[in-house]
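File shown: final-v8.pdb. Contents: PDB, C-alpha atoms and all ligand atoms.
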```pdb
ATOM      1  CA  MET S 216       0.000   0.000   0.000
ATOM      2  CA  LYS S 217       2.802   2.354   0.920
ATOM      3  CA  GLU S 218       4.516   1.619  -2.418
ATOM      4  CA  ILE S 219       1.295   2.344  -4.311
ATOM      5  CA  LYS S 220       0.860   5.649  -2.465
ATOM      6  CA  SER S 221       4.389   6.798  -3.177
ATOM      7  CA  PHE S 222       4.043   5.663  -6.800
ATOM      8  CA  PHE S 223       0.933   7.835  -7.112
ATOM      9  CA  LYS S 224       2.694  10.762  -5.538
ATOM     10  CA  LEU S 225       5.659  10.438  -7.889
ATOM     11  CA  THR S 226       3.339  10.200 -10.903
ATOM     12  CA  LEU S 227       1.359  13.249  -9.773
ATOM     13  CA  ASN S 228       4.529  15.186  -9.072
ATOM     14  CA  PHE S 229       5.830  14.220 -12.529
ATOM     15  CA  LEU S 230       2.643  15.483 -14.184
ATOM     16  CA  PHE S 231       2.301  18.572 -11.957
ATOM     17  CA  PRO S 232       5.814  19.464 -10.780
ATOM     18  CA  PRO S 233       5.611  20.807  -7.197
ATOM     19  CA  LEU S 234       6.749  24.422  -7.226
ATOM     20  CA  CYS S 235       7.260  26.708  -4.255
ATOM     21  CA  PRO S 236       4.194  29.022  -4.167
ATOM     22  CA  GLY S 237       6.482  31.832  -3.006
ATOM     23  CA  CYS S 238       9.095  31.831  -5.803
ATOM     24  CA  GLU S 239       8.114  29.053  -8.268
ATOM     25  CA  VAL S 240      11.351  27.131  -7.670
ATOM     26  CA  TYR S 241      11.040  23.389  -8.343
ATOM     27  CA  LEU S 242      10.761  21.523  -5.038
ATOM     28  CA  GLY S 243      11.832  18.083  -6.251
ATOM     29  CA  ILE S 244      10.055  14.956  -7.399
ATOM     30  CA  LYS S 245       9.407  13.709  -3.845
ATOM     31  CA  ALA S 246       8.155  16.997  -2.382
ATOM     32  CA  ASP S 247       4.788  17.412  -0.727
ATOM     33  CA  PRO S 248       2.636  20.104  -2.286
ATOM     34  CA  ALA S 249       1.624  23.127  -0.215
ATOM     35  CA  ARG S 250       4.993  23.916   1.190
ATOM     36  CA  LEU S 251       7.512  26.684   0.792
ATOM     37  CA  CYS S 252      11.091  26.210  -0.386
ATOM     38  CA  PRO S 253      13.720  26.633   2.388
ATOM     39  CA  ASP S 254      14.586  30.166   1.166
ATOM     40  CA  CYS S 255      10.985  31.399   1.248
ATOM     41  CA  ALA S 256      10.316  29.686   4.581
ATOM     42  CA  ALA S 257      13.433  31.317   6.086
ATOM     43  CA  GLY S 258      12.557  34.711   4.568
ATOM     44  CA  LEU S 259       9.053  34.579   5.984
ATOM     45  CA  ALA S 260      10.287  33.482   9.418
ATOM     46  CA  ALA S 261      12.880  36.285   9.513
ATOM     47  CA  VAL S 262      10.288  38.966   8.676
ATOM     48  CA  ALA S 263       7.834  37.499  11.211
ATOM     49  CA  ARG S 264      10.490  37.562  13.938
ATOM     50  CA  GLU S 265      11.186  41.247  13.366
ATOM     51  CA  HIS S 266       7.541  42.170  13.031
ATOM     52  CA  LEU S 267       6.177  40.451  16.105
ATOM     53  CA  PHE S 268       3.527  43.011  16.815
ATOM     54  CA  ARG S 269       2.651  46.630  16.535
ATOM     55  CA  GLU S 270       0.300  48.672  18.639
ATOM     56  CA  THR S 271      -2.604  50.192  16.777
ATOM     57  CA  GLY S 272      -3.086  52.973  19.297
ATOM     58  CA  ARG S 273      -6.700  53.242  18.173
ATOM     59  CA  ALA S 274      -9.983  52.367  19.785
ATOM     60  CA  GLY S 275     -11.384  48.902  19.326
ATOM     61  CA  LEU S 276      -8.230  46.863  18.937
ATOM     62  CA  GLU S 277      -5.654  46.439  21.623
ATOM     63  CA  VAL S 278      -2.917  45.044  19.437
ATOM     64  CA  LEU S 279      -2.642  44.189  15.781
ATOM     65  CA  TYR S 280      -0.414  41.216  15.081
ATOM     66  CA  SER S 281       0.788  40.249  11.637
ATOM     67  CA  LEU S 282       3.333  37.959  10.025
ATOM     68  CA  GLY S 283       4.947  40.926   8.281
ATOM     69  CA  PRO S 284       4.496  44.279   6.564
ATOM     70  CA  TYR S 285       2.358  44.386   3.439
ATOM     71  CA  GLY S 286       4.706  44.631   0.450
ATOM     72  CA  THR S 287       7.400  42.245   1.722
ATOM     73  CA  GLU S 288       7.992  39.017  -0.197
ATOM     74  CA  PRO S 289       7.159  36.206  -0.323
ATOM     75  CA  LEU S 290       4.292  37.174   2.024
ATOM     76  CA  THR S 291       2.518  39.569  -0.344
ATOM     77  CA  ARG S 292       2.839  37.267  -3.362
ATOM     78  CA  LEU S 293       1.395  34.378  -1.344
ATOM     79  CA  ILE S 294      -1.596  36.472  -0.227
ATOM     80  CA  HIS S 295      -2.259  37.592  -3.811
ATOM     81  CA  LYS S 296      -2.170  34.012  -5.049
ATOM     82  CA  ILE S 297      -4.625  32.924  -2.350
ATOM     83  CA  LYS S 298      -7.014  35.782  -3.100
ATOM     84  CA  TYR S 299      -6.809  36.498  -6.782
ATOM     85  CA  GLU S 300      -5.700  33.144  -8.206
ATOM     86  CA  GLN S 301      -8.105  31.205  -5.953
ATOM     87  CA  LYS S 302      -5.250  29.061  -4.576
ATOM     88  CA  ASP S 303      -6.771  28.354  -1.172
ATOM     89  CA  TRP S 304      -4.279  25.502  -0.533
ATOM     90  CA  ILE S 305      -1.477  28.074  -0.115
ATOM     91  CA  VAL S 306      -2.882  28.793   3.366
ATOM     92  CA  ASP S 307      -1.523  25.337   4.314
ATOM     93  CA  ALA S 308       1.962  26.383   3.169
ATOM     94  CA  LEU S 309       1.831  29.186   5.752
ATOM     95  CA  ILE S 310       1.049  26.908   8.694
ATOM     96  CA  PRO S 311       4.669  26.371   9.864
ATOM     97  CA  ALA S 312       5.273  30.149   9.898
ATOM     98  CA  LEU S 313       1.916  30.740  11.601
ATOM     99  CA  ARG S 314       2.618  28.144  14.266
ATOM    100  CA  ASP S 315       5.996  29.635  15.046
ATOM    101  CA  PHE S 316       4.631  33.175  15.117
ATOM    102  CA  LEU S 317       1.575  32.456  17.273
ATOM    103  CA  ALA S 318       3.755  30.676  19.834
ATOM    104  CA  LYS S 319       6.186  33.619  19.998
ATOM    105  CA  ALA S 320       3.333  36.106  20.322
ATOM    106  CA  ARG S 321       1.926  33.963  23.178
ATOM    107  CA  LEU S 322      -1.572  34.175  21.762
ATOM    108  CA  GLN S 323      -2.697  30.822  23.111
ATOM    109  CA  ASP S 324      -3.222  32.243  26.595
ATOM    110  CA  ALA S 325      -4.464  35.624  25.378
ATOM    111  CA  VAL S 326      -7.589  34.678  23.403
ATOM    112  CA  ASP S 327     -10.602  32.359  23.792
ATOM    113  CA  ALA S 328     -12.142  32.417  20.313
ATOM    114  CA  VAL S 329     -11.249  33.271  16.723
ATOM    115  CA  VAL S 330     -13.593  35.399  14.585
ATOM    116  CA  PRO S 331     -12.736  35.846  10.897
ATOM    117  CA  VAL S 332     -13.702  39.004   9.004
ATOM    118  CA  PRO S 333     -16.681  37.979   6.849
ATOM    119  CA  LEU S 334     -16.983  38.391   3.090
ATOM    120  CA  HIS S 335     -20.129  39.671   1.457
ATOM    121  CA  PRO S 336     -22.170  36.670   0.152
ATOM    122  CA  ARG S 337     -21.782  37.946  -3.416
ATOM    123  CA  ARG S 338     -17.984  38.011  -3.206
ATOM    124  CA  LEU S 339     -17.990  34.680  -1.394
ATOM    125  CA  ARG S 340     -19.883  33.162  -4.330
ATOM    126  CA  SER S 341     -17.491  34.565  -6.927
ATOM    127  CA  ARG S 342     -14.304  33.591  -5.020
ATOM    128  CA  GLY S 343     -15.610  30.298  -3.690
ATOM    129  CA  PHE S 344     -14.071  30.747  -0.231
ATOM    130  CA  ASN S 345     -13.408  33.406   2.391
ATOM    131  CA  GLN S 346      -9.627  33.691   2.743
ATOM    132  CA  ALA S 347      -9.995  35.321   6.198
ATOM    133  CA  GLU S 348     -11.998  32.312   7.332
ATOM    134  CA  LEU S 349      -9.380  29.848   6.001
ATOM    135  CA  ILE S 350      -6.645  31.764   7.812
ATOM    136  CA  GLY S 351      -8.867  31.939  10.915
ATOM    137  CA  ARG S 352      -9.433  28.157  10.809
ATOM    138  CA  ALA S 353      -5.689  27.508  10.535
ATOM    139  CA  VAL S 354      -5.036  29.892  13.448
ATOM    140  CA  GLY S 355      -7.844  28.356  15.540
ATOM    141  CA  GLU S 356      -6.489  24.868  14.972
ATOM    142  CA  ILE S 357      -2.957  25.876  15.978
ATOM    143  CA  LEU S 358      -4.205  27.676  19.101
ATOM    144  CA  GLY S 359      -6.802  25.021  19.947
ATOM    145  CA  LYS S 360      -9.572  27.661  20.050
ATOM    146  CA  PRO S 361     -13.040  27.631  18.484
ATOM    147  CA  VAL S 362     -13.519  29.557  15.233
ATOM    148  CA  TYR S 363     -16.847  31.323  14.823
ATOM    149  CA  GLY S 364     -17.825  32.365  11.298
ATOM    150  CA  ASP S 365     -21.330  33.290  12.437
ATOM    151  CA  VAL S 366     -20.622  36.159  14.831
ATOM    152  CA  LEU S 367     -20.223  38.873  12.180
ATOM    153  CA  LYS S 368     -21.717  39.339   8.757
ATOM    154  CA  ARG S 369     -21.021  41.793   5.992
ATOM    155  CA  LEU S 370     -24.018  43.980   5.316
ATOM    156  CA  LYS S 371     -22.602  46.015   2.445
ATOM    157  CA  SER S 372     -20.581  44.872  -0.526
ATOM    158  CA  THR S 373     -17.775  47.418  -0.178
ATOM    159  CA  ARG S 374     -15.078  48.298  -2.684
ATOM    160  CA  PRO S 375     -11.790  46.463  -2.060
ATOM    161  CA  GLN S 376      -9.835  48.498   0.502
ATOM    162  CA  MET S 377      -6.674  48.139  -1.604
ATOM    163  CA  SER S 378      -8.354  50.148  -4.388
ATOM    164  CA  LEU S 379      -8.700  53.207  -2.118
ATOM    165  CA  ALA S 380      -5.637  55.335  -1.565
ATOM    166  CA  GLN S 381      -6.286  57.320   1.592
ATOM    167  CA  SER S 382      -6.991  55.922   5.004
ATOM    168  CA  GLN S 383      -9.943  58.306   5.454
ATOM    169  CA  ARG S 384     -11.652  56.882   2.363
ATOM    170  CA  ARG S 385     -10.964  53.354   3.556
ATOM    171  CA  LYS S 386     -12.588  54.166   6.875
ATOM    172  CA  GLU S 387     -15.687  55.585   5.163
ATOM    173  CA  ASN S 388     -15.798  52.612   2.787
ATOM    174  CA  VAL S 389     -16.221  50.090   5.619
ATOM    175  CA  LYS S 390     -18.361  52.253   7.910
ATOM    176  CA  GLY S 391     -21.536  50.350   8.744
ATOM    177  CA  ALA S 392     -20.377  47.456   6.539
ATOM    178  CA  PHE S 393     -20.599  44.847   9.315
ATOM    179  CA  GLY S 394     -23.227  43.706  11.770
ATOM    180  CA  PRO S 395     -23.988  40.821  14.154
ATOM    181  CA  ALA S 396     -24.722  37.532  12.353
ATOM    182  CA  GLY S 397     -26.574  35.706  15.113
ATOM    183  CA  ARG S 398     -24.096  34.009  17.430
ATOM    184  CA  THR S 399     -23.583  35.915  20.650
ATOM    185  CA  LEU S 400     -20.369  35.778  22.621
ATOM    186  CA  ASN S 401     -19.888  35.775  26.342
ATOM    187  CA  PRO S 402     -18.501  39.257  27.231
ATOM    188  CA  ASP S 403     -15.568  37.587  28.977
ATOM    189  CA  GLN S 404     -14.533  35.750  25.824
ATOM    190  CA  ARG S 405     -11.411  37.353  24.423
ATOM    191  CA  VAL S 406     -11.574  37.484  20.644
ATOM    192  CA  LEU S 407      -8.871  37.184  18.008
ATOM    193  CA  LEU S 408     -10.212  38.959  14.934
ATOM    194  CA  VAL S 409      -8.580  37.608  11.757
ATOM    195  CA  ASP S 410      -8.164  39.036   8.255
ATOM    196  CA  ASP S 411      -5.715  38.502   5.401
ATOM    197  CA  VAL S 412      -4.472  42.088   5.015
ATOM    198  CA  ALA S 413      -4.775  45.083   7.345
ATOM    199  CA  THR S 414      -2.883  48.060   5.963
ATOM    200  CA  THR S 415      -4.775  50.916   7.601
ATOM    201  CA  GLY S 416      -6.594  48.541   9.969
ATOM    202  CA  ALA S 417      -9.934  50.191   9.096
ATOM    203  CA  THR S 418     -11.737  46.885   8.399
ATOM    204  CA  LEU S 419     -10.534  45.264  11.625
ATOM    205  CA  GLN S 420     -11.412  48.377  13.586
ATOM    206  CA  GLU S 421     -14.916  48.470  12.153
ATOM    207  CA  CYS S 422     -15.398  44.774  13.009
ATOM    208  CA  GLY S 423     -13.963  45.485  16.466
ATOM    209  CA  ARG S 424     -16.483  48.284  16.914
ATOM    210  CA  VAL S 425     -19.365  45.882  16.159
ATOM    211  CA  LEU S 426     -17.949  43.257  18.533
ATOM    212  CA  GLY S 427     -17.576  45.951  21.200
ATOM    213  CA  GLY S 428     -21.221  46.852  20.663
ATOM    214  CA  MET S 429     -22.068  43.201  21.275
ATOM    215  CA  GLY S 430     -20.359  43.425  24.664
ATOM    216  CA  VAL S 431     -16.980  41.861  23.832
ATOM    217  CA  LYS S 432     -14.375  43.572  25.982
ATOM    218  CA  LYS S 433     -11.067  42.299  24.673
ATOM    219  CA  ILE S 434     -10.323  42.174  20.961
ATOM    220  CA  ILE S 435      -6.927  41.441  19.424
ATOM    221  CA  GLY S 436      -6.347  41.692  15.682
ATOM    222  CA  PHE S 437      -4.348  39.386  13.444
ATOM    223  CA  ALA S 438      -3.680  39.713   9.729
ATOM    224  CA  LEU S 439      -1.155  37.885   7.562
ATOM    225  CA  ALA S 440       0.197  41.251   6.437
ATOM    226  CA  ALA S 441      -0.219  44.673   8.018
TER     227      ALA S 441
HETATM  228 ZN    ZN D 501      10.354  29.747  -2.604
END
```
Is it possible to express this structure as structure tokens?
Ligand SMILES: [Zn+2]
Amino acid sequence: MKEIKSFFKLTLNFLFPPLCPGCEVYLGIKADPARLCPDCAAGLAAVAREHLFRETGRAGLEVLYSLGPYGTEPLTRLIHKIKYEQKDWIVDALIPALRDFLAKARLQDAVDAVVPVPLHPRRLRSRGFNQAELIGRAVGEILGKPVYGDVLKRLKSTRPQMSLAQSQRRKENVKGAFGPAGRTLNPDQRVLLVDDVATTGATLQECGRVLGGMGVKKIIGFALAA
């Protein structure tokens, strides 16, 4: 059985050569898919180490954690491939970096539940998945915390934040865009709010405002890039 499995893997890898999703380098005939080459993995880990957290200094979120600044590679390329090339499996390639980062940030003892930023149903249909929810599920599994996709919902289909230049316009774009989706949280539950990108933090802050209105007292933000 083991021989058959490895034969299948070799055949698949021959037909679809496994390439690093970060830099397209060939990973070798025996490589597992959904993993980064050693260079990309090291690059990501180095950025994550230096970028452990930054304070938002704004109402709603206590701290905003991220793996690295938006614009650094291979992080940004990986996020783009997940979002715009519909390669949801790349989230799995980020798990080693996520695990390492979440342990260093000591988030396991700091939060009780993970809440991903919701997508509008229309965008969810066209993309096929909510990348924030996939990242949230990976984070929840690493931390051993429940992931609730039914706490928040998106009420308005907003323009992509990346298409708006100024932070003021981004804030206005997401104002009133989110509301409660049905599940209520215990006010003592500390929430980790998860998104893929948070450059101005306006989306996370708006979600944090809604959670605050629902009685949640402690909200920490996490995005892959910020
Ligand atoms: Zn690579």
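If one restricts the calculation to only C-alpha atoms and all ligand atoms, the set of residues situated within 10 Å of ligand ZN 501 (chain D) consists of S:Leu234, S:Cys235, S:Pro236, S:Gly237, S:Cys238, S:Glu239, S:Val240, S:Tyr241, S:Leu242, S:Arg250, S:Leu251, S:Cys252, S:Pro253, S:Asp254, S:Cys255, S:Ala256, S:Ala257, S:Gly258, S:Leu259, S:Glu288, S:Pro289.
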What residues come out when you apply the PyMOL selection byres (((chain S and resi 375-380) around 12) and not hetatm) to this file, written as a PyMOL selection string? chain S and resi 285+295+298+334-335+338+371-374+381-390+411-419
Separation of CA of Phe344 (chain S) from CA of Glu356 (chain S) in Å: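 CA of Phe344 (chain S) lies at a distance of 18.0 Å from CA of Glu356 (chain S).
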Can you spell out as number ranges by chain the set of residues that the PyMOL selection byres (((chain S and resi 329) around 9) and not hetatm) selects in the structure I just provided? S: 326-328, 330-331, 351-352, 354-355, 360-364, 405-409
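Pairwise distance (CA of Arg398 (chain S), CA of Arg337 (chain S)) equals 21.3 Å.
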Counting only C-alpha atoms, the option among S:Asp410, S:Glu300, S:Asp324, S:Glu265 closest to Leu349 (chain S): S:Asp410
Best match for closeness to Ile294 (chain S) among S:Arg264, S:Leu370, S:Pro233, S:Ala438, counting only C-alpha atoms: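 Once distances to Ile294 (chain S) are computed over only C-alpha atoms, the minimum belongs to S:Ala438.
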Quote the spacing between CA of Lys432 (chain S) and CA of Gly283 (chain S) in Å to one decimal place.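 According to the coordinates, CA of Lys432 (chain S) and CA of Gly283 (chain S) are separated by 26.3 Å.
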Please write the residues picked by the PyMOL selection byres (((chain S and resi 394) around 7) and not hetatm) on this file as a list of chain:residue names. S:Leu367, S:Lys368, S:Arg369, S:Leu370, S:Phe393, S:Pro395, S:Ala396, S:Val425
Counting all atoms listed in the file, which of S:Leu339, S:Ala441, S:Gly397, S:Ala246 gets nearest to Met429 (chain S)?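 Residue with the minimum atom-to-atom distance to Met429 (chain S): S:Gly397.
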Closest to Ala263 (chain S) among S:Thr287, S:Ser221, S:Gln404, S:Ser341, using only C-alpha atoms?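 For Ala263 (chain S), the nearest of the candidates is S:Thr287.
Comparing the minimum interatomic distances between Val332 (chain S) and each of S:Val431, S:Cys422, S:Leu290, S:Ile310, counting all atoms listed in the file, we find that S:Cys422 sits nearest.
With distances restricted to only C-alpha atoms, S:Arg342 is the closest residue to Asp303 (chain S) from S:Lys433, S:Lys224, S:Lys245, S:Arg342.
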